[in-house]
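Okay, data_5.cif is below, mmCIF, C-alpha atoms:
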```cif
data_start
loop_
_atom_site.label_atom_id
_atom_site.label_comp_id
_atom_site.auth_asym_id
_atom_site.auth_seq_id
_atom_site.Cartn_x
_atom_site.Cartn_y
_atom_site.Cartn_z
CA MET A 1 -1.04 -21.45 -19.87
CA GLU A 2 0.68 -20.03 -22.96
CA HIS A 3 4.14 -18.40 -22.78
CA LYS A 4 5.27 -20.72 -19.97
CA GLU A 5 8.80 -20.49 -21.30
CA LYS A 6 8.82 -16.76 -20.48
CA LEU A 7 7.93 -17.22 -16.82
CA LEU A 8 10.61 -16.91 -14.14
CA ARG A 9 10.67 -19.20 -11.14
CA PRO A 10 11.29 -17.72 -7.69
CA LYS A 11 14.93 -17.76 -6.60
CA GLY A 12 14.06 -17.83 -2.91
CA ASN A 13 11.38 -19.94 -1.26
CA ILE A 14 9.17 -18.52 1.47
CA SER A 15 9.28 -21.49 3.84
CA ARG A 16 6.92 -19.97 6.39
CA GLY A 17 3.78 -17.88 6.25
CA VAL A 18 0.20 -19.13 5.98
CA LEU A 19 -2.26 -20.32 3.37
CA LEU A 20 -5.33 -18.11 3.38
CA PRO A 21 -8.69 -18.24 1.63
CA HIS A 22 -8.46 -15.90 -1.36
CA LEU A 23 -12.01 -14.48 -1.19
CA LYS A 24 -11.26 -12.35 -4.26
CA LYS A 25 -14.79 -12.22 -5.62
CA THR A 26 -14.30 -8.70 -7.01
CA ALA A 27 -11.44 -9.83 -9.27
CA GLU A 28 -13.55 -9.71 -12.42
CA TYR A 29 -15.70 -6.76 -11.34
CA GLU A 30 -15.32 -3.66 -13.49
CA THR A 31 -13.95 -0.74 -11.48
CA VAL A 32 -16.54 1.97 -10.89
CA VAL A 33 -16.04 5.66 -10.08
CA LEU A 34 -17.54 7.48 -7.09
CA LYS A 35 -17.80 11.20 -7.80
CA ASP A 36 -20.87 12.24 -5.84
CA VAL A 37 -18.90 13.63 -2.89
CA ALA A 38 -20.07 16.89 -1.31
CA GLU A 39 -16.78 17.70 0.38
CA VAL A 40 -13.36 16.18 0.90
CA ARG A 41 -10.94 16.47 3.81
CA ILE A 42 -7.46 15.98 2.43
CA PRO A 43 -4.87 15.03 5.09
CA LEU A 44 -1.48 16.72 5.08
CA SER A 45 0.16 13.49 6.22
CA GLN A 46 -0.65 10.56 3.97
CA HIS A 47 2.84 9.14 3.96
CA ILE A 48 5.86 8.19 6.02
CA GLY A 49 7.76 11.38 6.90
CA THR A 50 7.00 15.05 7.52
CA PRO A 51 3.44 16.31 6.84
CA ALA A 52 2.98 18.62 3.84
CA GLU A 53 2.72 22.40 4.35
CA PRO A 54 -0.55 24.11 3.27
CA ILE A 55 -0.28 26.78 0.55
CA VAL A 56 -4.00 27.60 0.22
CA LYS A 57 -6.35 29.52 2.49
CA LYS A 58 -10.05 29.71 3.19
CA GLY A 59 -12.02 30.95 0.19
CA ASP A 60 -9.46 29.91 -2.45
CA LYS A 61 -10.82 28.34 -5.64
CA VAL A 62 -9.14 25.03 -6.50
CA PHE A 63 -9.35 22.49 -9.30
CA VAL A 64 -8.65 18.79 -9.69
CA GLY A 65 -4.87 18.58 -9.54
CA THR A 66 -4.21 21.97 -7.88
CA LEU A 67 -1.28 21.80 -5.46
CA ILE A 68 -2.72 22.66 -2.04
CA ALA A 69 0.18 21.65 0.23
CA ARG A 70 3.86 21.40 -0.68
CA ALA A 71 6.31 18.75 0.51
CA ASN A 72 7.97 19.88 3.74
CA GLY A 73 11.43 18.33 3.62
CA TYR A 74 13.18 15.48 1.86
CA VAL A 75 10.99 12.65 3.22
CA SER A 76 7.63 14.25 2.52
CA ALA A 77 5.06 14.42 -0.28
CA GLY A 78 2.97 17.20 -1.77
CA VAL A 79 -0.84 17.09 -1.68
CA HIS A 80 -3.23 18.06 -4.47
CA SER A 81 -6.93 18.81 -4.59
CA SER A 82 -9.04 15.85 -5.66
CA VAL A 83 -12.09 17.94 -6.59
CA SER A 84 -12.83 21.39 -7.95
CA GLY A 85 -14.43 23.74 -5.49
CA THR A 86 -13.71 26.12 -2.61
CA VAL A 87 -11.30 25.73 0.28
CA LYS A 88 -13.25 25.95 3.56
CA GLY A 89 -10.16 25.96 5.76
CA VAL A 90 -7.58 23.81 7.49
CA GLU A 91 -8.90 21.73 10.37
CA GLU A 92 -7.56 19.23 12.87
CA ASN A 93 -9.18 15.83 12.45
CA ALA A 94 -8.93 13.27 15.24
CA ASN A 95 -8.68 10.42 12.76
CA ASN A 96 -6.49 11.78 9.96
CA GLY A 97 -4.63 14.65 11.63
CA LYS A 98 -4.56 18.11 10.04
CA CYS A 99 -6.66 18.28 6.85
CA ILE A 100 -7.59 20.80 4.16
CA LEU A 101 -11.38 20.91 3.83
CA ILE A 102 -12.70 21.53 0.30
CA GLU A 103 -16.35 21.93 -0.69
CA SER A 104 -16.86 20.32 -4.09
CA ASP A 105 -18.74 22.17 -6.83
CA GLY A 106 -19.42 18.85 -8.56
CA ALA A 107 -17.84 20.01 -11.83
CA TYR A 108 -14.45 18.28 -11.46
CA GLU A 109 -12.72 20.94 -13.52
CA THR A 110 -9.05 20.21 -14.16
CA GLU A 111 -6.25 22.50 -12.95
CA PRO A 112 -5.41 24.56 -16.10
CA SER A 113 -1.65 24.66 -15.43
CA LEU A 114 -1.16 20.88 -15.58
CA LYS A 115 1.34 19.73 -18.19
CA THR A 116 3.27 16.68 -19.26
CA ARG A 117 6.83 16.15 -18.03
CA GLU A 118 10.02 15.51 -19.97
CA VAL A 119 11.99 12.88 -18.10
CA LYS A 120 15.50 12.15 -19.30
CA THR A 121 17.60 11.73 -16.17
CA ALA A 122 17.37 10.03 -12.79
CA LYS A 123 16.94 13.46 -11.21
CA ASP A 124 14.04 14.20 -13.59
CA LEU A 125 12.38 10.92 -12.59
CA SER A 126 12.66 11.56 -8.86
CA LEU A 127 11.39 15.13 -9.36
CA ALA A 128 8.42 13.85 -11.36
CA ALA A 129 7.48 11.47 -8.55
CA ALA A 130 7.72 14.38 -6.10
CA GLU A 131 5.56 16.66 -8.27
CA CYS A 132 3.01 13.85 -8.62
CA GLY A 133 2.77 13.59 -4.82
CA LEU A 134 3.35 9.87 -5.31
CA VAL A 135 3.83 7.52 -2.37
CA GLY A 136 3.83 3.74 -2.16
CA LEU A 137 0.27 2.73 -3.00
CA GLY A 138 0.52 -0.77 -1.61
CA GLY A 139 0.04 0.43 1.96
CA ALA A 140 3.39 1.66 3.31
CA GLY A 141 3.14 5.21 1.95
CA PHE A 142 6.88 5.83 1.54
CA PRO A 143 7.49 8.86 -0.74
CA THR A 144 8.41 7.51 -4.19
CA SER A 145 10.72 10.44 -4.95
CA VAL A 146 13.00 9.27 -2.12
CA LYS A 147 12.85 5.64 -3.24
CA LEU A 148 13.93 6.61 -6.77
CA ASP A 149 16.74 8.87 -5.53
CA VAL A 150 19.31 6.07 -5.36
CA LYS A 151 22.35 8.33 -5.95
CA ASP A 152 25.53 6.21 -6.04
CA LYS A 153 23.92 2.87 -5.17
CA GLN A 154 24.24 0.13 -7.76
CA ILE A 155 20.75 -1.12 -8.61
CA ASP A 156 20.54 -4.37 -10.58
CA THR A 157 16.85 -5.29 -10.20
CA LEU A 158 13.59 -3.36 -10.36
CA ILE A 159 10.91 -5.44 -8.62
CA ILE A 160 7.26 -4.66 -9.33
CA ASN A 161 4.93 -5.90 -6.61
CA ALA A 162 1.70 -7.28 -8.05
CA ALA A 163 1.46 -10.14 -5.54
CA GLU A 164 -1.59 -8.74 -3.72
CA CYS A 165 -1.56 -11.56 -1.19
CA GLU A 166 -4.26 -10.44 1.27
CA PRO A 167 -7.79 -11.86 1.02
CA TYR A 168 -10.49 -9.73 -0.66
CA ILE A 169 -8.20 -7.08 -2.21
CA THR A 170 -8.12 -7.03 -6.05
CA VAL A 171 -7.23 -3.45 -7.10
CA ASP A 172 -3.68 -4.34 -8.21
CA TYR A 173 -5.06 -7.26 -10.20
CA ARG A 174 -7.45 -4.87 -11.94
CA GLU A 175 -4.52 -2.51 -12.65
CA CYS A 176 -2.74 -5.36 -14.44
CA MET A 177 -5.85 -6.24 -16.43
CA ASP A 178 -7.23 -2.78 -17.21
CA ASN A 179 -4.07 -0.67 -17.42
CA PHE A 180 -1.40 -3.18 -18.43
CA ASP A 181 -0.05 -0.78 -21.04
CA ASP A 182 0.57 1.90 -18.39
CA VAL A 183 2.18 -0.74 -16.16
CA LEU A 184 4.61 -1.96 -18.80
CA LYS A 185 5.46 1.52 -20.09
CA GLY A 186 5.99 2.70 -16.52
CA VAL A 187 8.30 -0.23 -15.78
CA THR A 188 10.25 0.41 -18.99
CA LEU A 189 10.59 4.10 -18.19
CA VAL A 190 11.89 3.58 -14.64
CA LYS A 191 14.22 0.76 -15.70
CA ASN A 192 15.71 2.70 -18.62
CA ILE A 193 16.08 6.06 -16.85
CA LEU A 194 17.79 4.48 -13.83
CA LYS A 195 19.78 2.11 -16.08
CA ILE A 196 18.62 -0.98 -14.22
CA PRO A 197 19.56 -4.18 -16.11
CA GLU A 198 16.44 -6.18 -15.24
CA ALA A 199 12.87 -5.69 -14.09
CA ILE A 200 10.74 -8.45 -12.56
CA ILE A 201 6.96 -8.16 -12.25
CA CYS A 202 5.95 -10.51 -9.43
CA VAL A 203 2.43 -11.95 -9.47
CA GLU A 204 0.96 -14.68 -7.30
CA SER A 205 -0.18 -17.87 -9.04
CA ASN A 206 -3.86 -17.25 -8.22
CA LYS A 207 -3.92 -14.40 -10.76
CA GLN A 208 -3.52 -16.44 -13.93
CA LYS A 209 -5.32 -13.96 -16.20
CA ALA A 210 -3.04 -11.12 -15.11
CA ILE A 211 0.05 -13.26 -15.66
CA GLU A 212 -1.12 -14.22 -19.14
CA LYS A 213 -2.04 -10.61 -20.01
CA LEU A 214 1.41 -9.34 -19.02
CA LEU A 215 3.21 -12.22 -20.75
CA GLU A 216 1.44 -11.69 -24.05
CA THR A 217 1.99 -7.92 -23.93
CA VAL A 218 5.57 -7.46 -22.72
CA ALA A 219 8.03 -7.07 -25.58
CA ASP A 220 11.21 -6.14 -23.70
CA ASP A 221 13.39 -9.17 -22.91
CA THR A 222 14.78 -7.40 -19.84
CA ILE A 223 11.32 -7.26 -18.26
CA LYS A 224 10.41 -10.62 -16.78
CA ILE A 225 7.23 -12.00 -15.24
CA MET A 226 7.62 -14.15 -12.13
CA MET A 227 4.81 -16.37 -10.90
CA LEU A 228 5.03 -16.67 -7.13
CA PRO A 229 3.41 -19.38 -5.01
CA THR A 230 0.17 -18.15 -3.49
CA LYS A 231 1.18 -17.89 0.14
CA TYR A 232 0.78 -15.04 2.61
CA PRO A 233 2.72 -12.69 3.14
CA GLN A 234 4.30 -13.13 -0.29
CA GLY A 235 3.84 -9.43 -1.10
CA ALA A 236 5.74 -8.11 1.94
CA GLU A 237 8.76 -6.15 0.68
CA LYS A 238 11.53 -8.20 2.28
CA VAL A 239 9.79 -11.49 1.46
CA LEU A 240 9.27 -10.35 -2.13
CA ILE A 241 12.94 -9.39 -2.56
CA TYR A 242 14.00 -12.81 -1.28
CA SER A 243 11.56 -14.60 -3.59
CA ALA A 244 12.57 -12.57 -6.66
CA THR A 245 16.34 -12.42 -6.17
CA GLY A 246 17.34 -14.72 -3.33
CA LYS A 247 18.76 -11.70 -1.47
CA LYS A 248 18.04 -10.89 2.17
CA VAL A 249 17.76 -7.27 3.33
CA PRO A 250 19.75 -6.87 6.59
CA LEU A 251 18.14 -5.22 9.59
CA GLY A 252 18.27 -1.45 9.30
CA LYS A 253 19.06 -1.54 5.58
CA LEU A 254 16.96 -0.57 2.56
CA PRO A 255 16.21 -2.62 -0.58
CA SER A 256 18.63 -0.34 -2.48
CA ASP A 257 21.41 -1.57 -0.20
CA VAL A 258 21.07 -5.01 -1.80
CA GLY A 259 20.68 -3.63 -5.33
CA CYS A 260 16.86 -3.57 -5.54
CA ILE A 261 14.07 -1.05 -5.95
CA VAL A 262 10.58 -2.31 -5.14
CA MET A 263 7.53 -0.51 -6.52
CA ASN A 264 3.86 -1.37 -6.26
CA VAL A 265 2.31 -2.10 -9.66
CA THR A 266 -0.22 0.72 -9.34
CA SER A 267 2.50 3.14 -8.22
CA VAL A 268 4.59 2.58 -11.35
CA ALA A 269 1.52 2.95 -13.60
CA THR A 270 0.48 6.14 -11.77
CA LEU A 271 3.95 7.64 -12.26
CA TYR A 272 3.77 6.94 -15.99
CA ARG A 273 0.31 8.52 -16.24
CA PHE A 274 1.51 11.64 -14.42
CA ILE A 275 4.49 12.07 -16.73
CA THR A 276 2.33 11.68 -19.86
CA THR A 277 -0.76 13.60 -18.73
CA GLY A 278 0.36 15.94 -15.95
CA MET A 279 -2.40 14.75 -13.60
CA PRO A 280 -0.96 14.14 -10.11
CA LEU A 281 -2.18 11.59 -7.58
CA VAL A 282 -5.71 12.79 -6.72
CA SER A 283 -7.77 9.60 -6.61
CA LYS A 284 -7.42 6.12 -5.20
CA SER A 285 -8.60 2.68 -6.24
CA LEU A 286 -9.92 0.54 -3.41
CA THR A 287 -11.59 -2.81 -2.97
CA VAL A 288 -14.57 -2.61 -0.63
CA ASP A 289 -15.55 -6.10 0.46
CA GLY A 290 -16.11 -8.37 3.45
CA THR A 291 -18.81 -10.50 5.01
CA ALA A 292 -20.95 -7.42 5.76
CA VAL A 293 -20.77 -5.95 2.23
CA ALA A 294 -23.80 -6.82 0.12
CA GLU A 295 -22.48 -5.12 -3.02
CA PRO A 296 -18.67 -5.50 -3.04
CA LYS A 297 -16.89 -3.27 -5.54
CA ASN A 298 -13.60 -1.99 -6.82
CA VAL A 299 -14.04 1.78 -6.61
CA ILE A 300 -12.06 4.84 -7.66
CA VAL A 301 -12.68 7.70 -5.22
CA PRO A 302 -11.32 11.22 -4.76
CA ILE A 303 -8.65 11.28 -2.06
CA GLY A 304 -10.23 12.76 1.08
CA THR A 305 -13.60 11.05 0.57
CA PRO A 306 -15.23 10.14 3.92
CA ILE A 307 -15.37 6.39 4.52
CA LYS A 308 -19.04 6.88 5.36
CA ASP A 309 -19.76 7.96 1.75
CA LEU A 310 -17.90 4.94 0.40
CA LEU A 311 -19.78 2.51 2.64
CA GLU A 312 -23.12 3.97 1.54
CA PHE A 313 -22.02 3.56 -2.09
CA VAL A 314 -21.60 -0.21 -1.61
CA GLY A 315 -24.79 -0.65 0.41
CA VAL A 316 -23.40 -0.75 3.95
CA GLU A 317 -25.64 1.19 6.33
CA GLY A 318 -24.49 2.28 9.78
CA GLU A 319 -21.72 0.68 11.78
CA VAL A 320 -23.49 -1.21 14.56
CA GLY A 321 -22.42 -4.86 14.64
CA LEU A 322 -19.64 -4.26 12.13
CA GLU A 323 -15.86 -4.38 12.21
CA ILE A 324 -14.55 -1.85 9.66
CA MET A 325 -10.89 -2.01 8.69
CA MET A 326 -8.70 0.21 6.57
CA GLY A 327 -6.89 -2.41 4.52
CA GLY A 328 -7.27 -6.17 4.39
CA PRO A 329 -8.21 -8.57 7.19
CA MET A 330 -4.58 -9.48 7.97
CA MET A 331 -2.79 -6.12 8.12
CA GLY A 332 -5.73 -3.76 8.20
CA VAL A 333 -6.23 -1.21 10.96
CA ALA A 334 -9.59 -0.81 12.69
CA VAL A 335 -11.51 2.33 11.68
CA ALA A 336 -12.57 4.13 14.84
CA ASP A 337 -14.82 6.62 13.04
CA ILE A 338 -16.47 6.29 9.63
CA ASN A 339 -15.98 10.02 9.17
CA SER A 340 -12.29 9.21 8.64
CA VAL A 341 -11.22 9.75 5.04
CA ILE A 342 -9.50 7.84 2.25
CA GLU A 343 -5.78 8.52 1.93
CA LYS A 344 -3.25 7.84 -0.83
CA ARG A 345 -1.89 4.72 0.87
CA ASN A 346 -5.29 3.02 1.38
CA ASN A 347 -6.06 0.13 -0.96
CA ALA A 348 -9.10 -1.45 0.67
CA ILE A 349 -11.94 -1.13 3.14
CA THR A 350 -12.85 -4.49 4.67
CA VAL A 351 -16.15 -4.72 6.54
CA LEU A 352 -16.86 -7.81 8.62
CA LYS A 353 -19.85 -8.77 10.70
CA THR A 354 -18.94 -8.69 14.37
CA GLU A 355 -19.51 -12.43 14.72
CA ASP A 356 -16.82 -13.01 12.09
CA LYS A 357 -14.19 -11.27 14.20
CA GLN A 358 -11.49 -13.26 15.93
CA ALA A 359 -12.55 -14.28 19.45
CA GLU A 360 -11.00 -12.78 22.56
CA GLY A 361 -7.67 -14.26 23.62
CA THR A 362 -7.22 -16.92 26.31
CA HIS A 363 -4.07 -18.30 27.90
CA CYS A 364 -1.17 -19.41 25.70
CA ILE A 365 -0.86 -23.19 25.32
CA ARG A 366 2.79 -22.93 24.17
CA CYS A 367 2.15 -24.75 20.89
CA GLY A 368 4.78 -22.77 18.99
CA ARG A 369 2.60 -22.16 15.92
CA CYS A 370 3.34 -18.42 15.95
CA ALA A 371 7.08 -19.08 15.57
CA ASN A 372 6.51 -21.79 12.95
CA VAL A 373 4.67 -19.43 10.58
CA CYS A 374 6.67 -16.22 11.13
CA PRO A 375 8.28 -15.31 7.78
CA MET A 376 10.98 -13.32 9.60
CA GLN A 377 11.81 -16.29 11.87
CA ILE A 378 11.31 -14.52 15.18
CA PHE A 379 9.47 -15.73 18.30
CA PRO A 380 6.30 -13.66 18.84
CA LEU A 381 5.35 -15.43 22.07
CA GLU A 382 8.70 -14.69 23.71
CA ILE A 383 8.42 -11.05 22.69
CA GLU A 384 4.88 -10.84 24.06
CA ARG A 385 6.07 -12.34 27.36
CA ALA A 386 9.01 -9.92 27.57
CA VAL A 387 6.63 -6.96 27.28
CA LYS A 388 4.12 -8.44 29.70
CA ASN A 389 6.83 -9.08 32.32
CA GLY A 390 8.52 -5.70 31.84
CA ARG A 391 11.72 -7.24 30.49
CA THR A 392 12.13 -4.64 27.76
CA GLU A 393 15.90 -5.17 27.65
CA LYS A 394 15.17 -8.51 25.93
CA LEU A 395 13.36 -6.97 22.96
CA LYS A 396 16.45 -6.20 20.89
CA GLU A 397 17.88 -9.63 21.61
CA LEU A 398 14.62 -11.20 20.43
CA ASN A 399 14.84 -9.25 17.12
CA VAL A 400 11.42 -7.60 17.37
CA GLU A 401 12.67 -5.01 14.86
CA TYR A 402 12.47 -7.71 12.18
CA CYS A 403 8.68 -7.98 12.61
CA ILE A 404 6.79 -6.88 9.48
CA GLU A 405 3.40 -6.94 11.27
CA CYS A 406 1.96 -9.35 8.74
CA GLY A 407 -0.50 -10.90 11.19
CA CYS A 408 0.45 -14.55 10.61
CA CYS A 409 1.11 -15.16 14.31
CA SER A 410 -2.31 -13.86 15.36
CA PHE A 411 -4.01 -15.79 12.56
CA VAL A 412 -2.74 -19.22 13.64
CA CYS A 413 -2.82 -18.71 17.42
CA PRO A 414 -5.34 -21.22 18.87
CA ALA A 415 -5.59 -19.10 22.03
CA LYS A 416 -6.51 -16.05 19.89
CA ILE A 417 -3.86 -13.86 21.52
CA PRO A 418 -3.49 -10.54 19.60
CA LEU A 419 0.19 -11.15 18.96
CA THR A 420 0.51 -8.71 16.06
CA ALA A 421 -0.76 -5.86 18.23
CA ASP A 422 1.72 -6.97 20.89
CA MET A 423 4.53 -6.82 18.30
CA ARG A 424 3.58 -3.24 17.44
CA VAL A 425 3.67 -2.28 21.12
CA ALA A 426 7.03 -4.01 21.58
CA LYS A 427 8.54 -2.14 18.63
CA GLN A 428 7.29 1.17 20.02
CA ILE A 429 8.81 0.38 23.42
CA LEU A 430 12.14 -0.53 21.85
CA ARG A 431 12.19 2.71 19.82
CA ARG A 432 11.54 4.72 22.99
CA GLU A 433 14.25 2.86 24.91
CA THR A 434 16.74 3.31 22.06
CA ALA A 435 16.01 7.05 21.87
CA LYS A 436 16.89 7.60 25.55
#
```

Output the file's structure in the form of structure tokens.
Amino acid sequence: MEHKEKLLRPKGNISRGVLLPHLKKTAEYETVVLKDVAEVRIPLSQHIGTPAEPIVKKGDKVFVGTLIARANGYVSAGVHSSVSGTVKGVEENANNGKCILIESDGAYETEPSLKTREVKTAKDLSLAAAECGLVGLGGAGFPTSVKLDVKDKQIDTLIINAAECEPYITVDYRECMDNFDDVLKGVTLVKNILKIPEAIICVESNKQKAIEKLLETVADDTIKIMMLPTKYPQGAEKVLIYSATGKKVPLGKLPSDVGCIVMNVTSVATLYRFITTGMPLVSKSLTVDGTAVAEPKNVIVPIGTPIKDLLEFVGVEGEVGLEIMMGGPMMGVAVADINSVIEKRNNAITVLKTEDKQAEGTHCIRCGRCANVCPMQIFPLEIERAVKNGRTEKLKELNVEYCIECGCCSFVCPAKIPLTADMRVAKQILRRETAK
């Protein structure tokens, strides 16, 4: 590889985690656009925090980029129409919560009031992220305007997450390859406006073309490229911060508390595009792949597109004998209904044949593998036992709050115990007990 002298080495080593098959066959597939959508249902809650508040009513004409629901509080995000057409109403959806239903006219006319933004201050930058409706596009969905509102905190490192460590998913890789200019200009903008001394774009070693593309394009000496070992869950926020800086984020603290801001690579490019074009976040790139997908693709779809439409677009018919997940095979959540819709924070649809699913769990053989691979160094089996035996007072002592729900414990368990699901339940129990 050229430019080796420009590559940073990780400062922290992820000693645990798992090695996974990459299965990234869509890496070199050109991204295609799905526009043939008759109607969209746009959820008011596509993020961590308070759902947005509708500002349109039945019969209203909207365009691509029209604000249809405003942010409702500090930790919230506005929602924009992803198509042009007519509002049919606000409905409660069992899968996505309250949604604004819009019938598309197929024209995709742009909202006439859209305009570029002048960003000179930190406040301008946070406001631009809010007006874009931007949330973390890597899966968490935390409102970006809040993340960039660092106030008096001293930030020394901007970390750009392009690790993309889950099998199948390649949309962030395509962002680096297809929109590298937007990525680098977005990184420069955020770094300069917030007066952050250094930015590090973190990419796993299995994405050599992306690393080379960024290395040959970056001209700013304060923007570095770091090649991370390909090991799951390298892209998890706390793991990434440790790899990039050697710093550990204490329990209950944010990355900004240790001098870092972490942004997904597509998020930073999207923010730059909004500032320079005025078009808010109205579409989403996803990888659709898996053992049941005959025609895997990277697809750009209007937010609010039914999963059913997307599956038909890639040649998946029906849902009998299939396991459909929103996200990748490690951290993805099972889709109960293919009439659910695509949200801002979705980056993949993984479709597996039922026979490829993990088998049902048997009795624990106390091998300790779950503890050996946990990147947060907790003991999943002990937590699972505490819940099973009703010893909820032990959960805090066992540090279940540190769990990042990466799925490593479930992946290596020879008894096929659904430990990650158990961790989620344990965290919910602890939150309820703490709230009493």

What would the selection look like, as number ranges by chain, if the PyMOL selection byres ((chain A and resi 67) around 8) were run on the coordinates I just shared? A: 55, 65-66, 68-70, 78-81

One decimal, in Å: what's the spacing between CA of Ala128 in chain A and CA of Arg41 in chain A? 24.7 Å

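What separates CA of Leu352 in chain A from CA of Ala236 in chain A is a distance of 23.6 Å.
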
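Using all atoms listed in the file, the nearest neighbour of Gly186 in chain A within the list A:Ile365, A:Leu148, A:Ala269, A:Ile42 is A:Ala269.
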
For Leu127 in chain A: contacts at 10 Å, all atoms listed in the file, fewer than 3 positions along chain excluded, given as JSON, numbers by chain: {"A": [117, 119, 121, 122, 123, 124, 130, 131, 132, 133, 144, 145, 146, 148, 149]}
